[in-house]
Amino acid sequence: MNIDEAKKLLSFHSSRNSDVDNPKWVNGFLGSLRPFTGTLYKENFIEVIECLRALQDELQAPTIEREIVSDIIAIIHLTRAWASPDGMLGSNHLLTEEQTKELLTWVDIIENCFMWLCDENEEEAFMDYEDYLNGEYD
C-alpha cells in the first residue's frame, strides 16, 4: 500500500471521507459500528494498522498532516466513546462483554502504534499488534 492509498483508506475507516456512497465508508472501522449489526470486523483493525505501517515516514516527519492525525484520533476517540457504558453502543447494550473488550483492545493497539511511530520508534510501534496476532496480547 502506498502513502496516498493509506491516507484514503484511513479516511474511510474514520468516516471522514466525503464519499459516503463508497462501501468502505459504510463498512469501515467506524462505519461498521453505526448502525452496529452485531459483528466486529477484524479486517478493519488490520487495515488501520497497515495504513499506519504505510504512513510511518509521514508520522515521523517534522510536521504531520492534520488529516492523518484527525483520522487516527477519530477512530480512537469515537470508538472509546461509543463503547463506553454511556455511549451509543454501551448504553444500548449492543456489544457483548467480549466484543467491548476486543474493540477496546484494537483501539489501544492503534493508539500505541500511533504514539510509538510519532516517537520514531518503529521497533515498539508494531509489537502489540504482533503480540495480538500471535495471541499473546494482554
# chains A, B, ... in the order shown; residues from 1 in each chain; ligands from 1

$ residues_around --residues "Glu5 of chain A" --least-positions-apart "5" --cutoff "10 Å" --atoms "only C-alpha atoms" --output "PDB file with all heavy atoms, in the first residue's frame"
ATOM      1  N   LEU A  10      -7.555   5.217   5.351  1.00  0.00           N
ATOM      2  CA  LEU A  10      -7.716   5.686   6.727  1.00  0.00           C
ATOM      3  C   LEU A  10      -8.890   6.662   6.831  1.00  0.00           C
ATOM      4  O   LEU A  10      -9.651   6.629   7.798  1.00  0.00           O
ATOM      5  CB  LEU A  10      -6.416   6.338   7.195  1.00  0.00           C
ATOM      6  CG  LEU A  10      -6.193   6.480   8.672  1.00  0.00           C
ATOM      7  CD1 LEU A  10      -6.241   5.146   9.393  1.00  0.00           C
ATOM      8  CD2 LEU A  10      -4.847   7.165   8.929  1.00  0.00           C
ATOM      9  N   SER A  11      -9.065   7.496   5.815  1.00  0.00           N
ATOM     10  CA  SER A  11     -10.180   8.453   5.838  1.00  0.00           C
ATOM     11  C   SER A  11     -11.532   7.741   5.763  1.00  0.00           C
ATOM     12  O   SER A  11     -12.520   8.215   6.328  1.00  0.00           O
ATOM     13  CB  SER A  11     -10.055   9.480   4.703  1.00  0.00           C
ATOM     14  OG  SER A  11     -10.360   8.920   3.445  1.00  0.00           O
ATOM     15  N   CYS A  51      -2.350   0.741   7.386  1.00  0.00           N
ATOM     16  CA  CYS A  51      -2.274   2.153   6.986  1.00  0.00           C
ATOM     17  C   CYS A  51      -1.186   2.856   7.788  1.00  0.00           C
ATOM     18  O   CYS A  51      -0.380   3.620   7.231  1.00  0.00           O
ATOM     19  CB  CYS A  51      -3.609   2.857   7.201  1.00  0.00           C
ATOM     20  SG  CYS A  51      -4.897   2.420   6.026  1.00  0.00           S
ATOM     21  N   ALA A  54       2.150   1.922   6.474  1.00  0.00           N
ATOM     22  CA  ALA A  54       2.455   2.617   5.221  1.00  0.00           C
ATOM     23  C   ALA A  54       2.761   4.095   5.449  1.00  0.00           C
ATOM     24  O   ALA A  54       3.468   4.716   4.652  1.00  0.00           O
ATOM     25  CB  ALA A  54       1.288   2.468   4.244  1.00  0.00           C
ATOM     26  N   LEU A  55       2.239   4.646   6.527  1.00  0.00           N
ATOM     27  CA  LEU A  55       2.416   6.071   6.820  1.00  0.00           C
ATOM     28  C   LEU A  55       3.540   6.345   7.821  1.00  0.00           C
ATOM     29  O   LEU A  55       3.663   7.472   8.312  1.00  0.00           O
ATOM     30  CB  LEU A  55       1.097   6.656   7.347  1.00  0.00           C
ATOM     31  CG  LEU A  55      -0.048   6.684   6.340  1.00  0.00           C
ATOM     32  CD1 LEU A  55      -1.359   7.028   7.020  1.00  0.00           C
ATOM     33  CD2 LEU A  55       0.252   7.653   5.205  1.00  0.00           C
TER      34      LEU A  55
END

$ residues_around --residues "segment 25-28 of chain A" --least-positions-apart "2" --cutoff "8 Å" --atoms "only C-alpha atoms" --output "PyMOL selection string"
chain A and resi 12-15+17+19-23+30-32+44

$ closest_residue --among "A:Glu102, A:Asp131, A:Asp108, A:Ala125" --to "Leu40 of chain A" --atoms "only C-alpha atoms"
A:Glu102

$ select_by_dssp --residues "chain A" --states "helix (DSSP H, G or I)" --output "JSON, numbers by chain"
{"A": [3, 4, 5, 6, 7, 8, 9, 10, 11, 12, 13, 23, 24, 25, 26, 27, 42, 43, 44, 45, 46, 47, 48, 49, 50, 51, 52, 53, 54, 56, 57, 58, 59, 66, 67, 68, 69, 70, 71, 72, 73, 74, 75, 76, 77, 78, 79, 80, 81, 82, 83, 88, 89, 90, 91, 97, 98, 99, 100, 101, 102, 103, 104, 105, 106, 107, 108, 109, 110, 111, 112, 113, 114, 115, 116, 117, 118, 122, 123, 124, 125, 127, 128, 129, 130, 131, 132, 133]}

$ atom_distance --atom1 "atom CA of Ile75 of chain A" --atom2 "atom CA of Leu117 of chain A"
16.6 Å

$ atom_distance --atom1 "atom CA of Cys118 of chain A" --atom2 "atom CA of Lys8 of chain A"
19.6 Å

$ residues_around --residues "Leu78 of chain A" --least-positions-apart "5" --cutoff "10 Å" --atoms "only C-alpha atoms" --output "ChimeraX atom specification"
/A:14,30,33,73,83-84,87,107

$ write_last_selection --atoms "N, CA and C atoms" --output "PDB file, in the first residue's frame"
ATOM      1  N   SER A  14     -12.178   6.143   9.270  1.00  0.00           N
ATOM      2  CA  SER A  14     -12.567   7.148  10.265  1.00  0.00           C
ATOM      3  C   SER A  14     -13.915   7.790   9.944  1.00  0.00           C
ATOM      4  N   LEU A  30     -15.144   2.656  11.728  1.00  0.00           N
ATOM      5  CA  LEU A  30     -16.229   3.356  12.433  1.00  0.00           C
ATOM      6  C   LEU A  30     -17.581   3.138  11.766  1.00  0.00           C
ATOM      7  N   LEU A  33     -19.699   0.356  12.926  1.00  0.00           N
ATOM      8  CA  LEU A  33     -20.231   0.466  14.295  1.00  0.00           C
ATOM      9  C   LEU A  33     -21.527   1.262  14.357  1.00  0.00           C
ATOM     10  N   ILE A  73      -7.168   9.872  15.380  1.00  0.00           N
ATOM     11  CA  ILE A  73      -7.796  10.272  16.647  1.00  0.00           C
ATOM     12  C   ILE A  73      -9.301  10.007  16.609  1.00  0.00           C
ATOM     13  N   ALA A  83     -18.276   2.861  22.809  1.00  0.00           N
ATOM     14  CA  ALA A  83     -18.266   1.587  23.536  1.00  0.00           C
ATOM     15  C   ALA A  83     -18.392   1.769  25.048  1.00  0.00           C
ATOM     16  N   SER A  84     -18.275   2.998  25.531  1.00  0.00           N
ATOM     17  CA  SER A  84     -18.371   3.243  26.969  1.00  0.00           C
ATOM     18  C   SER A  84     -19.791   2.927  27.458  1.00  0.00           C
ATOM     19  N   GLY A  87     -22.071   5.392  26.139  1.00  0.00           N
ATOM     20  CA  GLY A  87     -22.026   5.616  24.697  1.00  0.00           C
ATOM     21  C   GLY A  87     -23.158   4.899  23.979  1.00  0.00           C
ATOM     22  N   VAL A 107      -8.400  -0.472  19.705  1.00  0.00           N
ATOM     23  CA  VAL A 107      -8.049   0.957  19.741  1.00  0.00           C
ATOM     24  C   VAL A 107      -6.843   1.217  20.635  1.00  0.00           C
TER      25      VAL A 107
END

$ residues_around --residues "Gln60 of chain A" --least-positions-apart "4" --cutoff "10 Å" --atoms "only C-alpha atoms" --output "list of chain:residue names"
A:Leu55, A:Gln56, A:Ile64, A:Trp116, A:Leu117, A:Cys118, A:Asp119, A:Glu120, A:Asn121, A:Glu122

$ closest_residue --among "A:Glu111, A:Glu67, A:Glu97, A:Asp86" --to "Val48 of chain A" --atoms "only C-alpha atoms"
A:Glu111

$ atom_distance --atom1 "atom CA of Arg80 of chain A" --atom2 "atom CA of Leu104 of chain A"
6.7 Å

$ residues_around --residues "Leu89 of chain A" --least-positions-apart "3" --cutoff "10 Å" --atoms "only C-alpha atoms" --output "ChimeraX atom specification"
/A:33-36,79-86,92-96,100

$ residues_around --residues "Met127 of chain A" --least-positions-apart "4" --cutoff "12 Å" --atoms "only C-alpha atoms" --output "NGL selection string"
:A and (49 or 109-110 or 112-114 or 116-117 or 121-123 or 131-134 or 136-137)

$ closest_residue --among "A:Val69, A:Leu9, A:Ala74, A:Ile3" --to "Ile46 of chain A" --atoms "only C-alpha atoms"
A:Leu9

$ closest_residue --among "A:Ala6, A:Gly135, A:Leu103, A:Glu124" --to "Glu50 of chain A" --atoms "only C-alpha atoms"
A:Ala6
